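Chemist: File name data-v2.csv; file contents CSV, C-alpha atoms and all ligand atoms; full text below.
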```
chain,number,residue,atom,x,y,z
A,15,MET,CA,101.5,119.0,97.5
A,16,THR,CA,97.8,119.4,98.5
A,17,ARG,CA,96.5,117.4,101.5
A,18,TRP,CA,94.7,114.7,99.6
A,19,ASP,CA,97.2,114.5,96.7
A,20,ALA,CA,96.0,111.6,94.6
A,21,HIS,CA,99.4,111.0,93.1
A,22,VAL,CA,101.2,110.8,96.4
A,23,TYR,CA,98.4,108.6,97.7
A,24,ASP,CA,99.0,106.1,94.8
A,25,THR,CA,102.8,106.2,95.0
A,26,SER,CA,104.6,107.0,98.3
A,27,LEU,CA,101.5,106.0,100.4
A,28,LYS,CA,100.5,103.1,98.2
A,29,TYR,CA,100.8,100.7,101.2
A,30,VAL,CA,97.4,102.0,102.5
A,31,ALA,CA,95.6,100.3,99.5
A,32,ASP,CA,98.0,97.4,99.4
A,33,TYR,CA,97.2,96.4,103.0
A,34,GLY,CA,93.6,97.0,102.3
A,35,LYS,CA,93.6,94.0,99.9
A,36,GLU,CA,93.6,91.7,102.9
A,37,LEU,CA,90.4,93.4,104.0
A,38,VAL,CA,88.8,92.7,100.6
A,39,ASP,CA,89.5,89.0,101.1
A,40,LEU,CA,87.7,89.3,104.5
A,41,LEU,CA,84.8,91.0,102.7
A,42,ASN,CA,84.6,88.0,100.3
A,43,PRO,CA,82.4,89.9,97.8
A,44,GLN,CA,80.0,87.9,95.7
A,45,LYS,CA,78.8,88.4,92.2
A,46,GLY,CA,75.7,90.7,92.1
A,47,GLU,CA,76.0,91.9,95.7
A,48,SER,CA,75.6,95.7,96.2
A,49,ILE,CA,78.6,97.0,98.1
A,50,LEU,CA,79.4,100.5,99.3
A,51,ASP,CA,83.1,101.4,99.5
A,52,LEU,CA,83.1,104.1,102.2
A,53,GLY,CA,86.0,106.6,101.7
A,54,CYS,CA,87.0,105.0,98.4
A,55,GLY,CA,89.8,107.5,97.7
A,56,THR,CA,91.5,106.9,94.4
A,57,GLY,CA,89.4,103.7,93.9
A,58,GLU,CA,92.1,101.1,94.2
A,59,LEU,CA,90.1,98.9,96.5
A,60,SER,CA,86.8,99.5,94.7
A,61,ARG,CA,88.5,98.1,91.6
A,62,GLU,CA,89.7,95.1,93.6
A,63,ILE,CA,86.2,94.4,95.0
A,64,ALA,CA,84.6,94.9,91.5
A,65,LYS,CA,86.6,91.9,90.2
A,66,SER,CA,84.2,89.7,92.0
A,67,GLY,CA,81.3,90.9,89.9
A,68,ALA,CA,79.7,92.8,92.8
A,69,ILE,CA,78.1,96.2,92.1
A,70,ILE,CA,80.2,98.9,93.8
A,71,THR,CA,79.4,102.4,94.8
A,72,GLY,CA,82.4,104.4,95.9
A,73,LEU,CA,81.9,107.3,98.2
A,74,ASP,CA,84.4,110.0,99.0
A,75,ASN,CA,84.4,113.7,99.9
A,76,SER,CA,87.5,114.5,97.9
A,77,GLU,CA,86.8,115.5,94.3
A,78,SER,CA,90.4,115.1,93.2
A,79,MET,CA,90.5,111.6,94.6
A,80,LEU,CA,87.3,110.7,92.8
A,81,GLU,CA,88.6,112.2,89.5
A,82,LYS,CA,91.5,109.8,89.7
A,83,ALA,CA,89.2,106.9,90.7
A,84,LYS,CA,86.9,107.6,87.7
A,85,SER,CA,89.9,107.6,85.3
A,86,LYS,CA,90.8,104.1,86.6
A,87,ASN,CA,87.3,102.6,86.9
A,88,GLY,CA,84.9,104.2,84.5
A,89,ASN,CA,82.0,101.8,85.2
A,90,ILE,CA,81.9,102.1,89.0
A,91,LYS,CA,79.3,104.6,90.4
A,92,TYR,CA,80.9,107.3,92.6
A,93,LEU,CA,79.3,109.6,95.0
A,94,ASN,CA,81.0,112.9,96.1
A,95,GLN,CA,79.6,113.1,99.7
A,96,ASP,CA,80.7,113.5,103.2
A,97,ILE,CA,80.5,110.4,105.3
A,98,THR,CA,79.3,112.2,108.4
A,99,SER,CA,76.2,113.5,106.6
A,100,PHE,CA,75.7,110.4,104.3
A,101,GLN,CA,72.1,109.3,104.0
A,102,ALA,CA,71.9,106.2,101.7
A,103,SER,CA,69.3,106.2,99.0
A,104,GLU,CA,69.4,102.4,98.8
A,105,GLU,CA,70.2,99.4,101.1
A,106,TYR,CA,73.5,97.6,100.6
A,107,ASP,CA,74.4,94.0,101.1
A,108,ALA,CA,77.7,95.1,102.5
A,109,ILE,CA,79.6,98.2,103.5
A,110,PHE,CA,83.4,98.2,103.3
A,111,SER,CA,85.8,100.8,104.6
A,112,ASN,CA,89.6,100.8,104.8
A,113,ALA,CA,91.6,103.4,106.9
A,114,VAL,CA,88.9,106.0,106.8
A,115,LEU,CA,86.5,105.7,109.8
A,116,HIS,CA,89.1,106.9,112.3
A,117,TRP,CA,88.8,110.4,110.7
A,118,ILE,CA,85.3,110.7,112.1
A,119,THR,CA,85.1,111.8,115.7
A,120,ASN,CA,81.3,111.6,115.7
A,121,GLN,CA,81.2,107.8,115.4
A,122,ASP,CA,77.7,107.5,116.9
A,123,LYS,CA,76.1,109.3,114.0
A,124,VAL,CA,78.1,107.5,111.4
A,125,LEU,CA,77.4,104.0,112.7
A,126,GLU,CA,73.7,104.9,112.9
A,127,ASN,CA,73.8,106.0,109.3
A,128,LEU,CA,75.7,102.9,108.2
A,129,CYS,CA,73.3,100.6,110.0
A,130,LYS,CA,70.4,102.2,108.2
A,131,ALA,CA,72.2,101.8,104.9
A,132,LEU,CA,72.5,98.0,105.2
A,133,LYS,CA,69.9,95.4,104.3
A,134,PRO,CA,68.9,93.2,107.3
A,135,ASN,CA,71.8,90.9,108.2
A,136,GLY,CA,74.0,93.0,105.8
A,137,ARG,CA,77.7,93.1,106.8
A,138,LEU,CA,80.0,95.8,107.8
A,139,VAL,CA,83.7,95.0,107.1
A,140,VAL,CA,86.0,97.8,108.2
A,141,GLU,CA,89.5,98.5,109.3
A,142,LEU,CA,90.6,101.6,111.2
A,143,GLY,CA,93.4,102.8,113.5
A,144,ALA,CA,93.2,101.3,116.9
A,145,LYS,CA,94.2,102.6,120.4
A,146,ASP,CA,97.9,103.7,120.3
A,147,ASN,CA,97.9,103.8,116.5
A,148,VAL,CA,101.0,105.8,115.2
A,149,ALA,CA,101.7,106.9,118.8
A,150,THR,CA,105.4,107.4,118.0
A,151,ILE,CA,104.7,109.6,115.0
A,152,ILE,CA,102.1,111.7,116.8
A,153,GLY,CA,104.2,111.9,119.9
A,154,SER,CA,107.2,113.2,117.9
A,155,ILE,CA,105.1,115.9,116.3
A,156,GLN,CA,103.4,117.0,119.6
A,157,GLU,CA,106.8,117.0,121.4
A,158,LEU,CA,108.4,119.2,118.8
A,159,ILE,CA,105.5,121.7,118.5
A,160,LYS,CA,105.4,122.0,122.3
A,161,GLU,CA,109.2,122.5,122.4
A,162,GLU,CA,108.9,125.3,119.9
A,163,GLY,CA,106.3,127.0,122.1
A,164,TYR,CA,103.1,126.6,120.0
A,165,PRO,CA,99.8,125.2,121.4
A,166,ILE,CA,99.4,121.5,120.5
A,167,LYS,CA,96.1,120.1,119.1
A,168,GLU,CA,94.3,117.3,121.0
A,169,VAL,CA,94.6,114.1,118.9
A,170,SER,CA,91.1,113.0,120.1
A,171,ASP,CA,89.6,116.2,118.5
A,172,ILE,CA,91.1,115.0,115.2
A,173,VAL,CA,91.0,111.3,115.0
A,174,PHE,CA,89.2,108.4,116.7
A,175,PHE,CA,91.4,105.4,117.5
A,176,PRO,CA,89.3,103.1,119.7
A,177,SER,CA,90.2,100.0,121.7
A,178,ILE,CA,88.4,96.7,120.9
A,179,ALA,CA,86.3,97.1,124.0
A,180,GLU,CA,85.2,100.7,123.2
A,181,TYR,CA,84.4,99.9,119.5
A,182,ALA,CA,82.6,96.6,120.3
A,183,THR,CA,80.3,98.4,122.8
A,184,LEU,CA,79.6,101.2,120.3
A,185,LEU,CA,78.8,98.8,117.5
A,186,GLU,CA,76.5,96.8,119.6
A,187,SER,CA,74.7,99.9,120.9
A,188,LYS,CA,74.1,101.0,117.2
A,189,GLY,CA,72.5,97.7,116.1
A,190,PHE,CA,75.4,95.6,115.0
A,191,TRP,CA,76.1,92.0,115.9
A,192,ILE,CA,79.9,91.4,115.9
A,193,GLU,CA,81.2,88.3,114.0
A,194,SER,CA,84.8,89.1,114.6
A,195,ILE,CA,86.9,92.0,116.0
A,196,SER,CA,90.7,92.0,116.3
A,197,GLN,CA,93.5,94.5,117.1
A,198,PHE,CA,97.0,94.0,115.9
A,199,LYS,CA,100.3,95.9,115.5
A,200,ARG,CA,101.3,96.4,111.8
A,201,PRO,CA,104.7,98.0,111.5
A,202,THR,CA,104.5,99.6,108.1
A,203,LEU,CA,107.4,100.2,105.8
A,204,ILE,CA,107.8,103.8,104.9
A,205,LEU,CA,109.1,104.3,101.4
A,206,ASP,CA,111.6,107.1,100.5
A,207,GLY,CA,113.1,107.4,103.9
A,208,VAL,CA,112.6,110.7,105.7
A,209,GLN,CA,110.8,112.1,102.6
A,210,GLY,CA,108.2,109.3,103.2
A,211,PHE,CA,107.5,110.6,106.7
A,212,ILE,CA,107.3,114.2,105.3
A,213,ASN,CA,104.7,112.9,102.8
A,214,TRP,CA,102.9,111.1,105.6
A,215,ILE,CA,102.7,114.3,107.7
A,216,ASN,CA,101.5,116.3,104.7
A,217,VAL,CA,98.6,113.9,104.0
A,218,PHE,CA,97.7,112.5,107.5
A,219,GLY,CA,99.2,114.8,110.1
A,220,ILE,CA,99.2,118.3,108.7
A,221,ILE,CA,96.2,119.3,110.9
A,222,LEU,CA,98.5,118.8,114.0
A,223,PHE,CA,100.5,121.8,112.7
A,224,GLU,CA,97.5,124.1,112.5
A,225,ASN,CA,98.9,126.4,115.3
A,226,VAL,CA,102.3,126.7,113.7
A,227,PRO,CA,102.9,129.9,111.5
A,228,LYS,CA,102.9,129.1,107.8
A,229,ASP,CA,106.5,130.2,107.1
A,230,ILE,CA,107.8,128.0,109.9
A,231,LYS,CA,105.7,124.9,109.0
A,232,PRO,CA,107.9,123.3,106.3
A,233,LYS,CA,111.1,123.4,108.5
A,234,LEU,CA,109.2,122.0,111.5
A,235,ILE,CA,107.6,119.2,109.5
A,236,GLU,CA,111.1,118.2,108.3
A,237,LYS,CA,112.4,118.3,111.8
A,238,ALA,CA,109.5,116.2,113.1
A,239,ALA,CA,110.0,113.7,110.2
A,240,ASN,CA,113.7,113.3,111.1
A,241,SER,CA,112.8,112.9,114.8
A,242,MET,CA,110.3,110.1,114.1
A,243,ALA,CA,112.6,108.5,111.5
A,244,ARG,CA,115.3,108.1,114.2
A,245,LYS,CA,112.9,106.4,116.6
A,246,LEU,CA,111.3,104.2,114.0
A,247,GLU,CA,114.5,103.0,112.2
A,248,LYS,CA,115.3,99.3,112.1
A,249,ASP,CA,118.2,98.0,110.0
A,250,GLU,CA,118.3,101.2,107.9
A,251,ARG,CA,114.6,100.9,107.1
A,252,TYR,CA,111.7,102.9,108.6
A,253,PHE,CA,108.5,101.4,110.0
A,254,ALA,CA,105.5,103.5,111.0
A,255,ASP,CA,103.9,102.1,114.3
A,256,TYR,CA,100.5,101.4,112.9
A,257,VAL,CA,98.0,99.5,115.1
A,258,ARG,CA,94.8,98.3,113.4
A,259,LEU,CA,91.3,97.4,114.4
A,260,ARG,CA,89.5,95.0,112.1
A,261,VAL,CA,85.8,94.3,112.3
A,262,VAL,CA,83.2,92.1,110.6
A,263,ALA,CA,79.8,92.9,112.0
A,264,ARG,CA,76.2,92.4,110.8
A,265,LYS,CA,73.1,94.5,111.0
A,266,SER,CA,71.2,92.7,113.8
A,267,ASN,CA,67.6,93.9,113.2
A,301,LIG,C1,96.0,105.8,109.8
A,301,LIG,O1,95.6,105.5,108.7
A,301,LIG,O2,96.4,105.0,110.6
A,301,LIG,C2,96.1,107.3,110.3
A,301,LIG,C3,95.2,108.2,109.7
A,301,LIG,C4,95.2,109.5,110.2
A,301,LIG,C5,96.0,109.9,111.1
A,301,LIG,C6,96.9,109.0,111.7
A,301,LIG,C7,96.9,107.7,111.3
```
Show how you would write the structure in this file as structure tokens.
Ligand code: BEZ

Modeler:
Amino acid sequence: MTRWDAHVYDTSLKYVADYGKELVDLLNPQKGESILDLGCGTGELSREIAKSGAIITGLDNSESMLEKAKSKNGNIKYLNQDITSFQASEEYDAIFSNAVLHWITNQDKVLENLCKALKPNGRLVVELGAKDNVATIIGSIQELIKEEGYPIKEVSDIVFFPSIAEYATLLESKGFWIESISQFKRPTLILDGVQGFINWINVFGIILFENVPKDIKPKLIEKAANSMARKLEKDERYFADYVRLRVVARKSN
């Protein structure tokens, strides 16, 4: 399995897009609006937004994800670009992003670029991991890597999980006016038991294993998956300890 495996993303990890449908409702796309789907992945939510008659541009840096997206939605425009260096060639009515922005540790730059990419009063509708997101999952991995004697990777060097206060301050400093911002726990059912956690690690958490020798990695991933599964089991089902931050903001100038 490669890191951004489009098939795994659309099956074992399908809950990412399923939960994103609530965010599409919050976006409330209108016919004829131009909307950028930032980090569109395999295009599930671009397709959902397009049902409104809005004109969608999907942006992602993974070619294999975009291949899959194109096979599903032939008439949506897709851009293969990195969000961190994204310079829009047009101004959008809205920018939408589900479960992507937390991958960017240089949020200052991204939020500046996004503000520039919006029309005046254009809206930003995003969801990302909040403070303490998947703390049990990450804690289990770090604990095990440390126990085995390998150096651990700092989570803050990899992902950005802000609190409400931190993100609100940042958004305001970059020219956004916040309409709503909320933080909530969302225990997320992991399909396929321990294998589901292995899939999760291979897609979202593999970078934490960067200091583990290649030949030892699969065994350690399995061990970490078993450890988190024990902690996150409830009535013979497994729930990842997701915490989300959901924002609707407008370009204020
Ligand atoms: C998330 O979608 O919550 C997530 C993404 C990357 C690492 C950990 C969690």

Chemist: Taking all atoms listed in the file into account, which of A:Ile118, A:Ala254, A:Leu205, A:Leu125 comes nearest Lys188 (chain A)?

Modeler: A:Leu125

Chemist: Got a sec to check which residues lie within 8 Å of ligand LIG 301 (chain A), using all atoms listed in the file, and send them as a ChimeraX atom specification?

Modeler: /A:30,113-114,116-117,142-144,147-148,152,173,218-219,256-258

Chemist: What is the CA of Val226 (chain A)-CA of Pro165 (chain A) distance in Å, reported with one decimal?

Modeler: 8.2 Å

Chemist: I need every residue sitting at most 7 Å from the point (110.2, 107.3, 105.0) (coordinates as in the file, only C-alpha atoms considered), written as a list in words.

Modeler: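 Residues with an atom at most 7 Å from (110.2, 107.3, 105.0): Ile204, Leu205, Asp206, Gly207, Val208, Gln209, Gly210, Phe211 and Tyr252 of chain A.
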
Chemist: One decimal, in Å: what's the spacing between CA of Ala31 (chain A) and CA of Glu168 (chain A)?

Modeler: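 Atom-to-atom, CA of Ala31 (chain A) to CA of Glu168 (chain A), that is 27.4 Å.
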
Chemist: Leaving out region 61-63 of chain A and any residue of its chain fewer than 6 positions from it, which residues lie within 12 Å of it when counting only C-alpha atoms, given as number ranges by chain?

Modeler: A: 31-32, 34-51, 54-55, 69-72, 83-92, 108-111

Chemist: Which value, in Å to one decimal, gives the distance between CA of Glu224 (chain A) and CA of Phe100 (chain A)?

Modeler: 27.0 Å

Chemist: Closest to Leu115 (chain A) among A:Ala64, A:Ile172, A:Ile235, A:Ile212, using all atoms listed in the file?

Modeler: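 Once distances to Leu115 (chain A) are computed over all atoms listed in the file, the minimum belongs to A:Ile172.
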
Chemist: Would you mind telling me which residue in A:Leu52, A:Ile166, A:Ile178, A:Val139 lies nearest to Asn225 (chain A) when using only C-alpha atoms?

Modeler: A:Ile166

Chemist: Which one is closest to Leu132 (chain A): A:Glu236, A:Glu105, A:Asp96, A:Glu186? Count all atoms listed in the file.

Modeler: A:Glu105

Chemist: Could I get region 225-237 of chain A from the block written out with all heavy atoms, as a tab-separated table (two decimals), in the first residue's frame?

Modeler:
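Output saved as part.tsv:
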```tsv
chain	number	residue	atom	x	y	z
A	225	ASN	N	12.01	7.17	11.81
A	225	ASN	CA	13.29	6.79	12.42
A	225	ASN	C	13.38	5.30	12.74
A	225	ASN	O	14.35	4.86	13.39
A	225	ASN	CB	13.52	7.60	13.70
A	225	ASN	CG	13.64	9.08	13.40
A	225	ASN	OD1	14.18	9.45	12.38
A	225	ASN	ND2	13.10	9.92	14.28
A	226	VAL	N	12.37	4.53	12.32
A	226	VAL	CA	12.38	3.08	12.58
A	226	VAL	C	12.93	2.38	11.33
A	226	VAL	O	12.48	2.66	10.21
A	226	VAL	CB	10.93	2.58	12.87
A	226	VAL	CG1	10.90	1.08	13.03
A	226	VAL	CG2	10.37	3.29	14.11
A	227	PRO	N	13.91	1.45	11.49
A	227	PRO	CA	14.45	0.75	10.32
A	227	PRO	C	13.34	0.05	9.53
A	227	PRO	O	12.37	-0.46	10.10
A	227	PRO	CB	15.42	-0.26	10.92
A	227	PRO	CG	15.73	0.26	12.29
A	227	PRO	CD	14.56	1.06	12.74
A	228	LYS	N	13.53	0.05	8.21
A	228	LYS	CA	12.51	-0.45	7.27
A	228	LYS	C	12.04	-1.87	7.60
A	228	LYS	O	10.84	-2.17	7.55
A	228	LYS	CB	13.14	-0.45	5.87
A	228	LYS	CG	12.20	0.00	4.79
A	228	LYS	CD	12.98	0.15	3.50
A	228	LYS	CE	11.99	0.06	2.33
A	228	LYS	NZ	12.65	0.03	1.07
A	229	ASP	N	13.01	-2.76	7.95
A	229	ASP	CA	12.64	-4.17	8.16
A	229	ASP	C	11.82	-4.38	9.45
A	229	ASP	O	11.13	-5.38	9.60
A	229	ASP	CB	13.90	-5.07	8.15
A	229	ASP	CG	14.95	-4.60	9.14
A	229	ASP	OD1	15.01	-3.39	9.42
A	229	ASP	OD2	15.72	-5.45	9.63
A	230	ILE	N	11.91	-3.42	10.37
A	230	ILE	CA	11.21	-3.56	11.66
A	230	ILE	C	9.83	-2.88	11.60
A	230	ILE	O	8.93	-3.21	12.36
A	230	ILE	CB	12.08	-2.95	12.79
A	230	ILE	CG1	13.37	-3.76	12.88
A	230	ILE	CG2	11.39	-2.91	14.14
A	230	ILE	CD1	14.40	-3.19	13.78
A	231	LYS	N	9.71	-1.93	10.65
A	231	LYS	CA	8.50	-1.09	10.59
A	231	LYS	C	7.17	-1.86	10.60
A	231	LYS	O	6.31	-1.59	11.45
A	231	LYS	CB	8.58	-0.20	9.35
A	231	LYS	CG	8.32	1.26	9.66
A	231	LYS	CD	8.45	2.10	8.43
A	231	LYS	CE	9.71	2.93	8.49
A	231	LYS	NZ	9.79	3.94	7.45
A	232	PRO	N	6.98	-2.85	9.70
A	232	PRO	CA	5.65	-3.51	9.66
A	232	PRO	C	5.25	-4.12	11.00
A	232	PRO	O	4.10	-4.00	11.42
A	232	PRO	CB	5.82	-4.59	8.58
A	232	PRO	CG	6.97	-4.14	7.76
A	232	PRO	CD	7.88	-3.36	8.66
A	233	LYS	N	6.21	-4.76	11.68
A	233	LYS	CA	5.92	-5.40	12.98
A	233	LYS	C	5.52	-4.34	14.02
A	233	LYS	O	4.60	-4.54	14.81
A	233	LYS	CB	7.19	-6.14	13.41
A	233	LYS	CG	7.08	-7.32	14.20
A	233	LYS	CD	6.73	-8.68	13.82
A	233	LYS	CE	5.64	-9.33	14.59
A	233	LYS	NZ	4.48	-9.69	13.87
A	234	LEU	N	6.27	-3.24	13.99
A	234	LEU	CA	6.01	-2.18	14.98
A	234	LEU	C	4.67	-1.48	14.71
A	234	LEU	O	3.95	-1.10	15.63
A	234	LEU	CB	7.15	-1.16	14.93
A	234	LEU	CG	7.64	-0.68	16.28
A	234	LEU	CD1	8.10	-1.83	17.16
A	234	LEU	CD2	8.78	0.31	16.11
A	235	ILE	N	4.34	-1.34	13.43
A	235	ILE	CA	3.05	-0.74	13.07
A	235	ILE	C	1.92	-1.63	13.60
A	235	ILE	O	0.94	-1.16	14.19
A	235	ILE	CB	2.94	-0.54	11.53
A	235	ILE	CG1	3.89	0.58	11.10
A	235	ILE	CG2	1.51	-0.24	11.10
A	235	ILE	CD1	4.03	0.77	9.60
A	236	GLU	N	2.09	-2.93	13.42
A	236	GLU	CA	1.06	-3.87	13.90
A	236	GLU	C	0.92	-3.79	15.42
A	236	GLU	O	-0.19	-3.78	15.96
A	236	GLU	CB	1.45	-5.28	13.45
A	236	GLU	CG	0.28	-6.23	13.48
A	236	GLU	CD	0.69	-7.64	13.11
A	236	GLU	OE1	1.59	-7.82	12.26
A	236	GLU	OE2	0.12	-8.58	13.73
A	237	LYS	N	2.08	-3.70	16.09
A	237	LYS	CA	2.07	-3.62	17.55
A	237	LYS	C	1.38	-2.32	18.01
A	237	LYS	O	0.57	-2.33	18.94
A	237	LYS	CB	3.53	-3.65	18.04
A	237	LYS	CG	3.72	-4.34	19.37
A	237	LYS	CD	5.21	-4.57	19.61
A	237	LYS	CE	5.46	-4.77	21.09
A	237	LYS	NZ	6.89	-4.87	21.41
```
